[in-house]
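Undergrad: Sharing a structure here in structure tokens format.
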2 protein chains.
Amino acid sequence: MPVIDAKTRVCALFGHPVGHSLSPAMHNAAFEELGLPFVYVAHDVQPGCVARALDGVRVMGYRGLSVTIPHKVEAMQGVDQVDPTAQGIGCINTVVNEDGRLIGYNSDGRGALNALRDAGVDPLGKRVLMLGSGGAARAIAVTLACEAPPERLCILGVQLDELDRLVADAQQRGTSVVEGGELTDRSLGDEIAAADVLLHCSPIGMHPHEDASLVEPELFRPGLAVFDAVYNPRRTKLLKDAAAAGCRTIEGIEMFLGQAYVQFELWTGQPAPREVMRQVVEAKL
Amino acid sequence: MPVIDAKTRVCALFGHPVGHSLSPAMHNAAFEELGLPFVYVAHDVQPGCVARALDGVRVMGYRGLSVTIPHKVEAMQGVDQVDPTAQGIGCINTVVNEDGRLIGYNSDGRGALNALRDAGVDPLGKRVLMLGSGGAARAIAVTLACEAPPERLCILGVQLDELDRLVADAQQRGTSVVEGGELTDRSLGDEIAAADVLLHCSPIGMHPHEDASLVEPELFRPGLAVFDAVYNPRRTKLLKDAAAAGCRTIEGIEMFLGQAYVQFELWTGQPAPREVMRQVVEAKL
């Protein structure tokens, strides 16, 4: 680490708990790589105390924050302005302090979008199928609708209230045709056949249930691009099955890295040193 | 610097401005020397915002703070408990966060007291003459009265209201005989002749007025110990004259270091690595 002195700018993570977060090691390595006078620390903030902590950030002159579970919704109430995409998503994971004015962003969806584009899979104008309607699904669906509208975005889920809200919000915010439906064997089969890009945003397949997948292997076909928001394990059964069928695949770690690159660039105004950040994360996963 | 990760505990400086403070480099070098998972940053907090910043510290789980000009009085209003010596002084320069409860201390006087003791000059039971009645004088006079009571403490000053308050506060807090008087050639000559220890706590002799001193050289005598709270320059005219007359002398830098050692030990529970901290400060002064 470079010497931290009285001119060092401070960024931090707000979460609860925070003890296992990779973000401090990742962002500090990135600051060091570019020789920037920044440091990143982690704060374990109790639920219900986020607005007070944000006010501290405002008057202590922090440069920015990452906000993680369970504070992403609560934090949105404590900032001074919310970026339109984050408003559509309904929560923030990033704060930038512009001279005492806190601006909230959500870089999760942008991280996924950038990861798709880096893999040669731009959802703009494509037919996109999303599975799941929770937090990751909201971030990605609204970001795509706002910033890279697919021709058609179909969202299949099992929590129908949550699904309906997400479909309405994504529809309202962008120009895509957005449709939703209950996730069944039949709807899944029909919609995969009609999709260019599959975005898996449910927790199915996450450790310790690595053998699970929502999608039967025979539904994959070459030409379908498949992203899995699950990143533990990195190669989920879904991704293995998709790759075996000739699909292009994008791992969930790319979304985690992608949202961090966006945060880094918002705080520093510099392009994120991606390889260094990736090395830190890969070494710890 | 060691790697800063999600388990690193955070300490900080509150001041306005803070850009030239030596404290971050000094405390970070000390944490590193002992391999402690701590980091120290600086926050420039606007006057009037200290209570909000302290509330942020409380809910973000900072371990502790240094508080410097102009926030030492304002900060006392924003903590949950104030150490008795600091109450007597009327301001704090140190905060320790005990599980969300902020305790305020004043380590300035203790820093000076420790520096005196380290130089073999324990004021306990001695006849002590103090010149000046401002912030440094208050911190030292009340700390001595509380923690190492001289037989007699005489304070000479020119701001008579301020002087009277300090005499009353030091008298009330301890067991010393405390007396005050207007600083004149006559009072100074009489009192120096009766003193074992001289504590200079006025700004006279500070850069850019290095040629000034309150005390005529012929008033010094061997056997008198002389401390100067001024630390820029390190060797003031007062100290040079005193040393030339055979007095033991203690520089103001020892008070700065001494207050930092106390802070370090309050935050970490470990003995401060004094040589490392001294090296950082001496290299920058």
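FYI, nothing fancy with the structure tokens labels: chains A, B, ... in order, residues from 1 per chain, ligands from 1 as they appear.
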Give me the residues near region 187-191 of chain A as an MDAnalysis selection string, where near means some atom within 10 Å (using only C-alpha atoms) and where sequence neighbours in that chain fewer than 6 positions away do not count.
TA: chainID A and resid 127:131 154:157 181 198 214:216 218:220
Undergrad: Taking N, CA, C and O atoms for each residue, export the selection above as a short mmCIF file (atom, residue, chain, number, x, y, z; two decimals), in the first residue's frame.
TA:
```
data_model
loop_
_atom_site.label_atom_id
_atom_site.label_comp_id
_atom_site.auth_asym_id
_atom_site.auth_seq_id
_atom_site.Cartn_x
_atom_site.Cartn_y
_atom_site.Cartn_z
N ARG A 127 -33.21 -10.51 -28.41
CA ARG A 127 -34.30 -11.13 -27.64
C ARG A 127 -33.65 -11.75 -26.39
O ARG A 127 -32.84 -12.67 -26.51
N VAL A 128 -34.02 -11.21 -25.26
CA VAL A 128 -33.36 -11.58 -24.00
C VAL A 128 -34.37 -12.29 -23.09
O VAL A 128 -35.48 -11.79 -22.90
N LEU A 129 -33.96 -13.42 -22.55
CA LEU A 129 -34.77 -14.14 -21.57
C LEU A 129 -34.08 -14.07 -20.22
O LEU A 129 -32.91 -14.43 -20.10
N MET A 130 -34.81 -13.61 -19.22
CA MET A 130 -34.29 -13.53 -17.86
C MET A 130 -35.05 -14.50 -16.98
O MET A 130 -36.28 -14.57 -17.05
N LEU A 131 -34.32 -15.23 -16.14
CA LEU A 131 -34.95 -16.14 -15.17
C LEU A 131 -34.73 -15.59 -13.78
O LEU A 131 -33.59 -15.43 -13.33
N CYS A 154 -38.04 -10.91 -21.92
CA CYS A 154 -39.02 -11.77 -21.27
C CYS A 154 -38.47 -12.20 -19.93
O CYS A 154 -37.33 -12.66 -19.85
N ILE A 155 -39.26 -12.02 -18.89
CA ILE A 155 -38.81 -12.38 -17.54
C ILE A 155 -39.73 -13.47 -17.00
O ILE A 155 -40.95 -13.29 -16.94
N LEU A 156 -39.15 -14.61 -16.67
CA LEU A 156 -39.91 -15.72 -16.08
C LEU A 156 -39.54 -15.85 -14.61
O LEU A 156 -38.35 -15.83 -14.28
N GLY A 157 -40.54 -16.01 -13.77
CA GLY A 157 -40.25 -16.12 -12.34
C GLY A 157 -41.31 -16.92 -11.62
O GLY A 157 -42.29 -17.37 -12.23
N GLY A 181 -43.83 -13.88 -17.20
CA GLY A 181 -44.66 -15.07 -17.11
C GLY A 181 -44.17 -15.97 -16.01
O GLY A 181 -43.05 -15.83 -15.53
N LEU A 198 -29.64 -15.64 -22.66
CA LEU A 198 -30.29 -16.13 -21.44
C LEU A 198 -29.55 -15.55 -20.24
O LEU A 198 -28.33 -15.73 -20.12
N LEU A 214 -31.78 -24.69 -13.37
CA LEU A 214 -33.17 -24.50 -13.81
C LEU A 214 -33.39 -25.02 -15.23
O LEU A 214 -34.54 -25.24 -15.63
N VAL A 215 -32.32 -25.18 -15.99
CA VAL A 215 -32.47 -25.43 -17.43
C VAL A 215 -31.97 -26.83 -17.79
O VAL A 215 -30.81 -27.15 -17.52
N GLU A 216 -32.82 -27.63 -18.40
CA GLU A 216 -32.40 -28.95 -18.86
C GLU A 216 -31.34 -28.78 -19.95
O GLU A 216 -31.49 -27.90 -20.84
N GLU A 218 -30.67 -30.18 -22.67
CA GLU A 218 -31.04 -30.29 -24.09
C GLU A 218 -31.70 -29.01 -24.62
O GLU A 218 -31.89 -28.87 -25.84
N LEU A 219 -32.02 -28.07 -23.71
CA LEU A 219 -32.60 -26.82 -24.18
C LEU A 219 -31.56 -25.85 -24.74
O LEU A 219 -31.89 -24.89 -25.43
N PHE A 220 -30.29 -26.08 -24.43
CA PHE A 220 -29.25 -25.18 -24.94
C PHE A 220 -28.96 -25.49 -26.41
O PHE A 220 -29.08 -26.63 -26.85
#
```
Undergrad: List the neighbours of Gly269 (chain B) out to 12 Å using only C-alpha atoms; skip same-chain residues closer than 4 positions along the sequence, and give me the result as a count of residues only.
TA: 10
Undergrad: Tell me the residues of chain B close to chain A, meaning within 9 Å using only C-alpha atoms, as a VMD selection string.
TA: chain B and resid 1 to 10 13 to 14 18 to 26 28 to 29 39 to 46 49 to 50 52 to 62
Undergrad: So that I have them on file, write out the residues from the current selection with N, CA and C atoms, as a short mmCIF file (atom, residue, chain, number, x, y, z; two decimals), in the first residue's frame.
TA:
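Below you can see result-v5.cif, which holds the result:
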```
data_model
loop_
_atom_site.label_atom_id
_atom_site.label_comp_id
_atom_site.auth_asym_id
_atom_site.auth_seq_id
_atom_site.Cartn_x
_atom_site.Cartn_y
_atom_site.Cartn_z
N MET B 1 2.68 -0.11 3.78
CA MET B 1 1.43 -0.36 4.51
C MET B 1 1.02 -1.81 4.33
N PRO B 2 0.46 -2.43 5.40
CA PRO B 2 -0.11 -3.77 5.23
C PRO B 2 -1.39 -3.66 4.40
N VAL B 3 -1.86 -4.77 3.88
CA VAL B 3 -3.09 -4.78 3.10
C VAL B 3 -4.25 -4.35 4.00
N ILE B 4 -5.09 -3.48 3.48
CA ILE B 4 -6.29 -3.06 4.21
C ILE B 4 -7.44 -3.89 3.69
N ASP B 5 -8.04 -4.67 4.56
CA ASP B 5 -9.15 -5.50 4.11
C ASP B 5 -10.38 -5.21 4.96
N ALA B 6 -11.37 -6.10 4.84
CA ALA B 6 -12.66 -5.82 5.47
C ALA B 6 -12.61 -5.91 6.99
N LYS B 7 -11.53 -6.41 7.54
CA LYS B 7 -11.42 -6.50 9.00
C LYS B 7 -10.58 -5.37 9.61
N THR B 8 -10.04 -4.52 8.76
CA THR B 8 -9.19 -3.43 9.25
C THR B 8 -10.01 -2.42 10.05
N ARG B 9 -9.53 -2.06 11.23
CA ARG B 9 -10.23 -1.08 12.05
C ARG B 9 -9.77 0.32 11.67
N VAL B 10 -10.69 1.27 11.74
CA VAL B 10 -10.42 2.61 11.21
C VAL B 10 -10.33 3.62 12.36
N LEU B 13 -8.45 11.41 11.96
CA LEU B 13 -8.29 12.76 12.48
C LEU B 13 -9.49 13.59 12.05
N PHE B 14 -10.05 14.35 12.98
CA PHE B 14 -11.02 15.41 12.66
C PHE B 14 -10.31 16.74 12.85
N VAL B 18 -6.92 19.85 7.46
CA VAL B 18 -6.13 18.70 7.93
C VAL B 18 -4.96 18.37 7.00
N GLY B 19 -4.88 19.07 5.88
CA GLY B 19 -3.97 18.64 4.81
C GLY B 19 -2.51 18.54 5.20
N HIS B 20 -2.07 19.25 6.23
CA HIS B 20 -0.66 19.21 6.59
C HIS B 20 -0.39 18.39 7.85
N SER B 21 -1.40 17.70 8.34
CA SER B 21 -1.20 16.96 9.58
C SER B 21 -0.19 15.83 9.41
N LEU B 22 0.64 15.64 10.44
CA LEU B 22 1.58 14.52 10.45
C LEU B 22 0.95 13.26 11.04
N SER B 23 -0.22 13.39 11.64
CA SER B 23 -0.78 12.27 12.39
C SER B 23 -1.05 11.03 11.53
N PRO B 24 -1.61 11.15 10.31
CA PRO B 24 -1.85 9.92 9.55
C PRO B 24 -0.56 9.14 9.28
N ALA B 25 0.48 9.82 8.81
CA ALA B 25 1.73 9.10 8.53
C ALA B 25 2.30 8.49 9.81
N MET B 26 2.21 9.23 10.91
CA MET B 26 2.78 8.75 12.18
C MET B 26 2.02 7.52 12.70
N ASN B 28 -0.08 5.51 11.08
CA ASN B 28 -0.03 4.36 10.17
C ASN B 28 1.32 3.64 10.26
N ALA B 29 2.39 4.41 10.41
CA ALA B 29 3.71 3.77 10.59
C ALA B 29 3.73 2.94 11.87
N VAL B 39 -6.02 1.26 10.36
CA VAL B 39 -5.60 2.30 9.43
C VAL B 39 -6.11 3.64 9.97
N TYR B 40 -5.40 4.70 9.62
CA TYR B 40 -5.71 6.05 10.14
C TYR B 40 -5.84 6.99 8.96
N VAL B 41 -6.95 7.67 8.86
CA VAL B 41 -7.20 8.61 7.76
C VAL B 41 -7.53 9.98 8.35
N ALA B 42 -7.59 10.97 7.47
CA ALA B 42 -7.88 12.34 7.93
C ALA B 42 -9.19 12.82 7.31
N HIS B 43 -10.03 13.44 8.11
CA HIS B 43 -11.29 14.01 7.63
C HIS B 43 -11.33 15.50 7.93
N ASP B 44 -11.52 16.28 6.88
CA ASP B 44 -11.67 17.73 7.03
C ASP B 44 -13.16 18.00 7.29
N VAL B 45 -13.47 18.31 8.53
CA VAL B 45 -14.86 18.51 8.95
C VAL B 45 -15.11 20.00 9.18
N GLN B 46 -16.17 20.52 8.59
CA GLN B 46 -16.49 21.94 8.77
C GLN B 46 -16.95 22.21 10.21
N CYS B 49 -20.33 20.97 12.16
CA CYS B 49 -20.74 19.65 11.68
C CYS B 49 -20.13 18.51 12.49
N VAL B 50 -19.49 18.83 13.60
CA VAL B 50 -18.72 17.81 14.31
C VAL B 50 -19.62 16.75 14.94
N ARG B 52 -22.48 15.67 13.87
CA ARG B 52 -22.93 14.76 12.80
C ARG B 52 -21.81 13.81 12.41
N ALA B 53 -20.61 14.34 12.32
CA ALA B 53 -19.48 13.47 11.96
C ALA B 53 -19.23 12.43 13.05
N LEU B 54 -19.36 12.85 14.32
CA LEU B 54 -19.18 11.90 15.42
C LEU B 54 -20.26 10.82 15.39
N ASP B 55 -21.47 11.21 15.03
CA ASP B 55 -22.52 10.19 14.94
C ASP B 55 -22.21 9.20 13.82
N GLY B 56 -21.62 9.70 12.74
CA GLY B 56 -21.18 8.79 11.70
C GLY B 56 -20.13 7.81 12.22
N VAL B 57 -19.18 8.34 12.95
CA VAL B 57 -18.12 7.50 13.55
C VAL B 57 -18.73 6.40 14.43
N ARG B 58 -19.76 6.80 15.18
CA ARG B 58 -20.43 5.87 16.09
C ARG B 58 -21.05 4.72 15.29
N VAL B 59 -21.81 5.04 14.26
CA VAL B 59 -22.55 3.98 13.55
C VAL B 59 -21.71 3.29 12.49
N MET B 60 -20.58 3.88 12.10
CA MET B 60 -19.69 3.20 11.15
C MET B 60 -18.66 2.34 11.86
N GLY B 61 -18.62 2.40 13.18
CA GLY B 61 -17.73 1.50 13.90
C GLY B 61 -16.27 1.88 13.84
N TYR B 62 -15.96 3.17 13.67
CA TYR B 62 -14.58 3.60 13.85
C TYR B 62 -14.08 3.17 15.22
#
```
Undergrad: Figure out the distance between CA of Leu124 (chain A) and CA of Val178 (chain A), please, to one decimal in Å.
TA: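 That distance, rounded to one decimal, is 13.4 Å.
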Undergrad: Using DSSP assignments from the backbone, pull out every residue in region 96-274 of chain A that falls under helix (DSSP H, G or I) and give it to me as JSON, numbers by chain.
TA: {"A": [108, 109, 110, 111, 112, 113, 114, 115, 116, 117, 118, 135, 136, 137, 138, 139, 140, 141, 142, 143, 144, 145, 146, 147, 160, 161, 162, 163, 164, 165, 166, 167, 168, 169, 170, 171, 172, 173, 185, 186, 187, 188, 189, 190, 191, 192, 193, 217, 218, 219, 237, 238, 239, 240, 241, 242, 243, 244, 252, 253, 254, 255, 256, 257, 258, 259, 260, 261, 262, 263, 264, 265, 266, 267, 268, 274]}
Undergrad: Pick out each residue of region 78-142 of chain A that DSSP on the backbone tags as strand (DSSP E); I need them as a list of chain:residue names.
TA: A:Gln81, A:Val82, A:Thr94, A:Val95, A:Val96, A:Asn97, A:Glu98, A:Arg101, A:Leu102, A:Ile103, A:Gly104, A:Tyr105, A:Arg127, A:Val128, A:Leu129, A:Met130, A:Leu131
Undergrad: Residues as selected, N, CA, C and O atoms, written as a PDB file, in the first residue's frame, can you do that?
TA:
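That gives us part.pdb:
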```
ATOM      1  N   GLN A  81     -29.473  12.597  -4.146  1.00  0.00           N
ATOM      2  CA  GLN A  81     -29.927  12.484  -5.534  1.00  0.00           C
ATOM      3  C   GLN A  81     -29.712  11.039  -5.952  1.00  0.00           C
ATOM      4  O   GLN A  81     -28.744  10.411  -5.509  1.00  0.00           O
ATOM      5  N   VAL A  82     -30.608  10.521  -6.782  1.00  0.00           N
ATOM      6  CA  VAL A  82     -30.478   9.138  -7.243  1.00  0.00           C
ATOM      7  C   VAL A  82     -30.507   9.130  -8.759  1.00  0.00           C
ATOM      8  O   VAL A  82     -31.414   9.709  -9.377  1.00  0.00           O
ATOM      9  N   THR A  94     -23.890   2.187  -4.892  1.00  0.00           N
ATOM     10  CA  THR A  94     -22.739   3.074  -5.083  1.00  0.00           C
ATOM     11  C   THR A  94     -23.143   4.482  -4.679  1.00  0.00           C
ATOM     12  O   THR A  94     -24.260   4.906  -4.986  1.00  0.00           O
ATOM     13  N   VAL A  95     -22.231   5.175  -4.000  1.00  0.00           N
ATOM     14  CA  VAL A  95     -22.449   6.580  -3.657  1.00  0.00           C
ATOM     15  C   VAL A  95     -21.213   7.359  -4.091  1.00  0.00           C
ATOM     16  O   VAL A  95     -20.078   6.896  -3.894  1.00  0.00           O
ATOM     17  N   VAL A  96     -21.440   8.523  -4.688  1.00  0.00           N
ATOM     18  CA  VAL A  96     -20.359   9.448  -4.985  1.00  0.00           C
ATOM     19  C   VAL A  96     -20.664  10.748  -4.244  1.00  0.00           C
ATOM     20  O   VAL A  96     -21.798  11.246  -4.306  1.00  0.00           O
ATOM     21  N   ASN A  97     -19.671  11.256  -3.520  1.00  0.00           N
ATOM     22  CA  ASN A  97     -19.827  12.486  -2.751  1.00  0.00           C
ATOM     23  C   ASN A  97     -19.274  13.642  -3.565  1.00  0.00           C
ATOM     24  O   ASN A  97     -18.061  13.791  -3.711  1.00  0.00           O
ATOM     25  N   GLU A  98     -20.177  14.448  -4.106  1.00  0.00           N
ATOM     26  CA  GLU A  98     -19.759  15.620  -4.886  1.00  0.00           C
ATOM     27  C   GLU A  98     -19.867  16.847  -3.988  1.00  0.00           C
ATOM     28  O   GLU A  98     -20.925  17.474  -3.888  1.00  0.00           O
ATOM     29  N   ARG A 101     -22.628  16.632  -1.503  1.00  0.00           N
ATOM     30  CA  ARG A 101     -23.905  16.185  -2.080  1.00  0.00           C
ATOM     31  C   ARG A 101     -23.713  14.725  -2.487  1.00  0.00           C
ATOM     32  O   ARG A 101     -22.872  14.401  -3.330  1.00  0.00           O
ATOM     33  N   LEU A 102     -24.510  13.841  -1.889  1.00  0.00           N
ATOM     34  CA  LEU A 102     -24.340  12.408  -2.132  1.00  0.00           C
ATOM     35  C   LEU A 102     -25.248  11.961  -3.282  1.00  0.00           C
ATOM     36  O   LEU A 102     -26.467  12.145  -3.229  1.00  0.00           O
ATOM     37  N   ILE A 103     -24.629  11.377  -4.304  1.00  0.00           N
ATOM     38  CA  ILE A 103     -25.360  10.886  -5.469  1.00  0.00           C
ATOM     39  C   ILE A 103     -25.340   9.358  -5.431  1.00  0.00           C
ATOM     40  O   ILE A 103     -24.275   8.755  -5.314  1.00  0.00           O
ATOM     41  N   GLY A 104     -26.516   8.750  -5.526  1.00  0.00           N
ATOM     42  CA  GLY A 104     -26.615   7.299  -5.514  1.00  0.00           C
ATOM     43  C   GLY A 104     -26.716   6.721  -6.913  1.00  0.00           C
ATOM     44  O   GLY A 104     -27.422   7.269  -7.770  1.00  0.00           O
ATOM     45  N   TYR A 105     -25.997   5.638  -7.121  1.00  0.00           N
ATOM     46  CA  TYR A 105     -26.020   4.911  -8.390  1.00  0.00           C
ATOM     47  C   TYR A 105     -26.241   3.432  -8.109  1.00  0.00           C
ATOM     48  O   TYR A 105     -26.056   2.965  -6.994  1.00  0.00           O
ATOM     49  N   ARG A 127     -33.213 -10.514 -28.412  1.00  0.00           N
ATOM     50  CA  ARG A 127     -34.298 -11.131 -27.638  1.00  0.00           C
ATOM     51  C   ARG A 127     -33.655 -11.753 -26.393  1.00  0.00           C
ATOM     52  O   ARG A 127     -32.841 -12.671 -26.508  1.00  0.00           O
ATOM     53  N   VAL A 128     -34.023 -11.210 -25.261  1.00  0.00           N
ATOM     54  CA  VAL A 128     -33.358 -11.585 -24.001  1.00  0.00           C
ATOM     55  C   VAL A 128     -34.366 -12.288 -23.094  1.00  0.00           C
ATOM     56  O   VAL A 128     -35.483 -11.790 -22.897  1.00  0.00           O
ATOM     57  N   LEU A 129     -33.956 -13.417 -22.551  1.00  0.00           N
ATOM     58  CA  LEU A 129     -34.765 -14.136 -21.573  1.00  0.00           C
ATOM     59  C   LEU A 129     -34.079 -14.067 -20.222  1.00  0.00           C
ATOM     60  O   LEU A 129     -32.906 -14.430 -20.100  1.00  0.00           O
ATOM     61  N   MET A 130     -34.815 -13.607 -19.218  1.00  0.00           N
ATOM     62  CA  MET A 130     -34.288 -13.530 -17.859  1.00  0.00           C
ATOM     63  C   MET A 130     -35.050 -14.504 -16.980  1.00  0.00           C
ATOM     64  O   MET A 130     -36.281 -14.568 -17.054  1.00  0.00           O
ATOM     65  N   LEU A 131     -34.317 -15.227 -16.135  1.00  0.00           N
ATOM     66  CA  LEU A 131     -34.947 -16.143 -15.174  1.00  0.00           C
ATOM     67  C   LEU A 131     -34.733 -15.594 -13.776  1.00  0.00           C
ATOM     68  O   LEU A 131     -33.591 -15.428 -13.331  1.00  0.00           O
TER      69      LEU A 131
END
```
Undergrad: Between B:Ala212, B:Val197, B:Val158, B:Leu285, single out the one closest to Arg248 (chain B), counting only C-alpha atoms.
TA: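 Going through B:Ala212, B:Val197, B:Val158, B:Leu285 one by one, the smallest distance to Arg248 (chain B) is for B:Val197.
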Undergrad: For Arg235 (chain A), find every residue with an atom within 12 Å (counting only C-alpha atoms), except residues of its own chain fewer than 4 positions away, and show them as a PyMOL selection string.
TA: chain A and resi 205-207+210-211+213+226-231+239-243+249-254+285
Undergrad: One number please: CA of Met277 (chain B) to CA of Ala115 (chain B), in Å, one decimal.
TA: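 Going from CA of Met277 (chain B) over to CA of Ala115 (chain B) covers 14.3 Å.
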Undergrad: Please measure the separation of CA of His16 (chain B) and CA of Met255 (chain B), giving the value in Å to one decimal.
TA: 21.0 Å
